[in-house]
Amino acid sequence: MEKIMIFLKENLIIKIAIFALSLIFPLMLYIDVFFMKSTLPISGFDITWLGFYSCIVLCYVLKNKVLKAALGLLNMGGIFFLCFASLAGGAKGPLWVIAKTLIPFLSLS
C-alpha cells in the first residue's frame, strides 16, 4: 500500500489525471444545471461518486493545500447543491443523493 501511495505522489501523469477527474463532476453539473441537459448522455447526478472519490484521492496526491481546498469545496459544494435540490422530492431525496455518491452502482428504480 505504501508503494502505491509513493507512486501516486511522485508520478506527474497520475497527478494530472486525478486533477482532471476532480474537475469533471463540477463541470458536468454546471452544464446540467445551466444548459438544461443539452446533449450530454449522462447527468451530474450520475457522476456524484466521481466528485466524492476524486476529492479523497486528490487529498492524498497533491501537496498544494489551496488547490486541495478549492477543488474539494467545488466538488462537495456540487454534492451539497444536489442534496438541497433533491429536497423537492421529500426527505428521502438527500439520502438518495448521499447513497448514490457512496455507492456508484446503486439503482434508483
# chains A, B, ... in the order shown; residues from 1 in each chain; ligands from 1
>>> residues_around(residues="Thr48 in chain A", least_positions_apart="5", cutoff="7 Å", atoms="only C-alpha atoms", output="list in words")
Phe25, Ile79 and Thr101 of chain A
>>> residues_around(residues="range 64-73 of chain A", least_positions_apart="4", cutoff="9 Å", atoms="only C-alpha atoms", output="ChimeraX atom specification")
/A:19,22-23,51-52,54-56,58-59,77-78
>>> closest_residue(among="A:Ile47, A:Leu21, A:Ile16, A:Ile4", to="Pro104 in chain A", atoms="only C-alpha atoms")
A:Ile47
>>> residues_around(residues="Met5 in chain A", least_positions_apart="5", cutoff="10 Å", atoms="only C-alpha atoms", output="ChimeraX atom specification")
/A:10,57,60-61
>>> atom_distance(atom1="CA of Leu95 in chain A", atom2="CA of Gly44 in chain A")
16.4 Å
>>> select_by_dssp(residues="chain A", states="helix (DSSP H, G or I)", output="PyMOL selection string")
chain A and resi 2-10+12-34+44-61+65-89+92-102
>>> write_last_selection(atoms="C-alpha atoms", output="PDB file, in the first residue's frame")
ATOM      1  CA  GLU A   2       2.842   2.348   0.792  1.00  0.00           C
ATOM      2  CA  LYS A   3       4.427   1.756  -2.631  1.00  0.00           C
ATOM      3  CA  ILE A   4       1.156   2.703  -4.313  1.00  0.00           C
ATOM      4  CA  MET A   5       0.928   5.945  -2.356  1.00  0.00           C
ATOM      5  CA  ILE A   6       4.526   6.846  -3.220  1.00  0.00           C
ATOM      6  CA  PHE A   7       3.831   6.082  -6.885  1.00  0.00           C
ATOM      7  CA  LEU A   8       0.708   8.280  -6.850  1.00  0.00           C
ATOM      8  CA  LYS A   9       2.514  11.170  -5.168  1.00  0.00           C
ATOM      9  CA  GLU A  10       5.538  11.134  -7.481  1.00  0.00           C
ATOM     10  CA  LEU A  12       3.128  13.617 -12.781  1.00  0.00           C
ATOM     11  CA  ILE A  13       0.765  11.898 -15.234  1.00  0.00           C
ATOM     12  CA  ILE A  14      -1.238  10.407 -12.350  1.00  0.00           C
ATOM     13  CA  LYS A  15      -1.456  13.827 -10.681  1.00  0.00           C
ATOM     14  CA  ILE A  16      -2.751  15.424 -13.880  1.00  0.00           C
ATOM     15  CA  ALA A  17      -5.286  12.619 -14.395  1.00  0.00           C
ATOM     16  CA  ILE A  18      -6.623  12.925 -10.842  1.00  0.00           C
ATOM     17  CA  PHE A  19      -6.787  16.710 -11.183  1.00  0.00           C
ATOM     18  CA  ALA A  20      -8.770  16.341 -14.425  1.00  0.00           C
ATOM     19  CA  LEU A  21     -11.096  13.774 -12.865  1.00  0.00           C
ATOM     20  CA  SER A  22     -11.812  16.108  -9.967  1.00  0.00           C
ATOM     21  CA  LEU A  23     -12.927  18.792 -12.433  1.00  0.00           C
ATOM     22  CA  ILE A  24     -15.315  16.571 -14.426  1.00  0.00           C
ATOM     23  CA  PHE A  25     -18.112  16.475 -11.831  1.00  0.00           C
ATOM     24  CA  PRO A  26     -18.391  20.263 -11.237  1.00  0.00           C
ATOM     25  CA  LEU A  27     -18.235  20.977 -14.973  1.00  0.00           C
ATOM     26  CA  MET A  28     -20.887  18.366 -15.802  1.00  0.00           C
ATOM     27  CA  LEU A  29     -23.105  19.683 -13.018  1.00  0.00           C
ATOM     28  CA  TYR A  30     -22.689  23.246 -14.283  1.00  0.00           C
ATOM     29  CA  ILE A  31     -23.651  22.186 -17.809  1.00  0.00           C
ATOM     30  CA  ASP A  32     -26.523  20.103 -16.466  1.00  0.00           C
ATOM     31  CA  VAL A  33     -27.990  22.928 -14.361  1.00  0.00           C
ATOM     32  CA  PHE A  34     -27.460  25.964 -16.578  1.00  0.00           C
ATOM     33  CA  GLY A  44     -24.389  15.433 -12.988  1.00  0.00           C
ATOM     34  CA  PHE A  45     -26.358  13.210 -10.629  1.00  0.00           C
ATOM     35  CA  ASP A  46     -24.972  10.072 -12.276  1.00  0.00           C
ATOM     36  CA  ILE A  47     -21.386  11.004 -11.504  1.00  0.00           C
ATOM     37  CA  THR A  48     -21.591  12.300  -7.931  1.00  0.00           C
ATOM     38  CA  TRP A  49     -19.393   9.378  -6.939  1.00  0.00           C
ATOM     39  CA  LEU A  50     -16.671  10.728  -9.212  1.00  0.00           C
ATOM     40  CA  GLY A  51     -16.626  14.064  -7.404  1.00  0.00           C
ATOM     41  CA  PHE A  52     -16.552  12.409  -3.987  1.00  0.00           C
ATOM     42  CA  TYR A  53     -13.890   9.789  -4.607  1.00  0.00           C
ATOM     43  CA  SER A  54     -11.676  12.048  -6.713  1.00  0.00           C
ATOM     44  CA  CYS A  55     -11.596  14.507  -3.789  1.00  0.00           C
ATOM     45  CA  ILE A  56     -10.424  11.763  -1.463  1.00  0.00           C
ATOM     46  CA  VAL A  57      -7.641  10.654  -3.812  1.00  0.00           C
ATOM     47  CA  LEU A  58      -6.761  14.274  -4.573  1.00  0.00           C
ATOM     48  CA  CYS A  59      -6.134  14.936  -0.881  1.00  0.00           C
ATOM     49  CA  TYR A  60      -3.535  12.165  -0.809  1.00  0.00           C
ATOM     50  CA  VAL A  61      -1.816  13.062  -4.060  1.00  0.00           C
ATOM     51  CA  LYS A  65      -3.312  22.957   0.238  1.00  0.00           C
ATOM     52  CA  VAL A  66      -5.010  25.813  -1.607  1.00  0.00           C
ATOM     53  CA  LEU A  67      -5.666  23.637  -4.647  1.00  0.00           C
ATOM     54  CA  LYS A  68      -6.911  20.800  -2.433  1.00  0.00           C
ATOM     55  CA  ALA A  69      -9.302  23.133  -0.647  1.00  0.00           C
ATOM     56  CA  ALA A  70     -10.571  24.765  -3.835  1.00  0.00           C
ATOM     57  CA  LEU A  71     -11.264  21.516  -5.662  1.00  0.00           C
ATOM     58  CA  GLY A  72     -12.669  19.885  -2.539  1.00  0.00           C
ATOM     59  CA  LEU A  73     -15.076  22.766  -1.958  1.00  0.00           C
ATOM     60  CA  LEU A  74     -16.063  22.762  -5.613  1.00  0.00           C
ATOM     61  CA  ASN A  75     -16.890  19.052  -5.612  1.00  0.00           C
ATOM     62  CA  MET A  76     -18.518  18.942  -2.191  1.00  0.00           C
ATOM     63  CA  GLY A  77     -20.445  22.120  -2.984  1.00  0.00           C
ATOM     64  CA  GLY A  78     -21.843  20.379  -6.045  1.00  0.00           C
ATOM     65  CA  ILE A  79     -22.890  17.378  -3.992  1.00  0.00           C
ATOM     66  CA  PHE A  80     -24.490  19.615  -1.357  1.00  0.00           C
ATOM     67  CA  PHE A  81     -26.277  21.513  -4.132  1.00  0.00           C
ATOM     68  CA  LEU A  82     -27.729  18.238  -5.411  1.00  0.00           C
ATOM     69  CA  CYS A  83     -28.772  17.327  -1.857  1.00  0.00           C
ATOM     70  CA  PHE A  84     -30.519  20.673  -1.497  1.00  0.00           C
ATOM     71  CA  ALA A  85     -32.183  20.390  -4.908  1.00  0.00           C
ATOM     72  CA  SER A  86     -33.354  16.869  -4.136  1.00  0.00           C
ATOM     73  CA  LEU A  87     -35.305  18.152  -1.128  1.00  0.00           C
ATOM     74  CA  ALA A  88     -38.103  18.785  -3.620  1.00  0.00           C
ATOM     75  CA  GLY A  89     -38.543  15.013  -3.688  1.00  0.00           C
ATOM     76  CA  LYS A  92     -35.621  10.817   1.193  1.00  0.00           C
ATOM     77  CA  GLY A  93     -34.113  12.913  -1.609  1.00  0.00           C
ATOM     78  CA  PRO A  94     -30.850  13.896   0.106  1.00  0.00           C
ATOM     79  CA  LEU A  95     -30.465  10.354   1.417  1.00  0.00           C
ATOM     80  CA  TRP A  96     -30.652   9.054  -2.151  1.00  0.00           C
ATOM     81  CA  VAL A  97     -28.022  11.562  -3.257  1.00  0.00           C
ATOM     82  CA  ILE A  98     -25.673  10.505  -0.462  1.00  0.00           C
ATOM     83  CA  ALA A  99     -26.307   6.822  -1.188  1.00  0.00           C
ATOM     84  CA  LYS A 100     -25.662   7.396  -4.901  1.00  0.00           C
ATOM     85  CA  THR A 101     -22.465   9.256  -4.021  1.00  0.00           C
ATOM     86  CA  LEU A 102     -21.085   6.495  -1.810  1.00  0.00           C
TER      87      LEU A 102
END
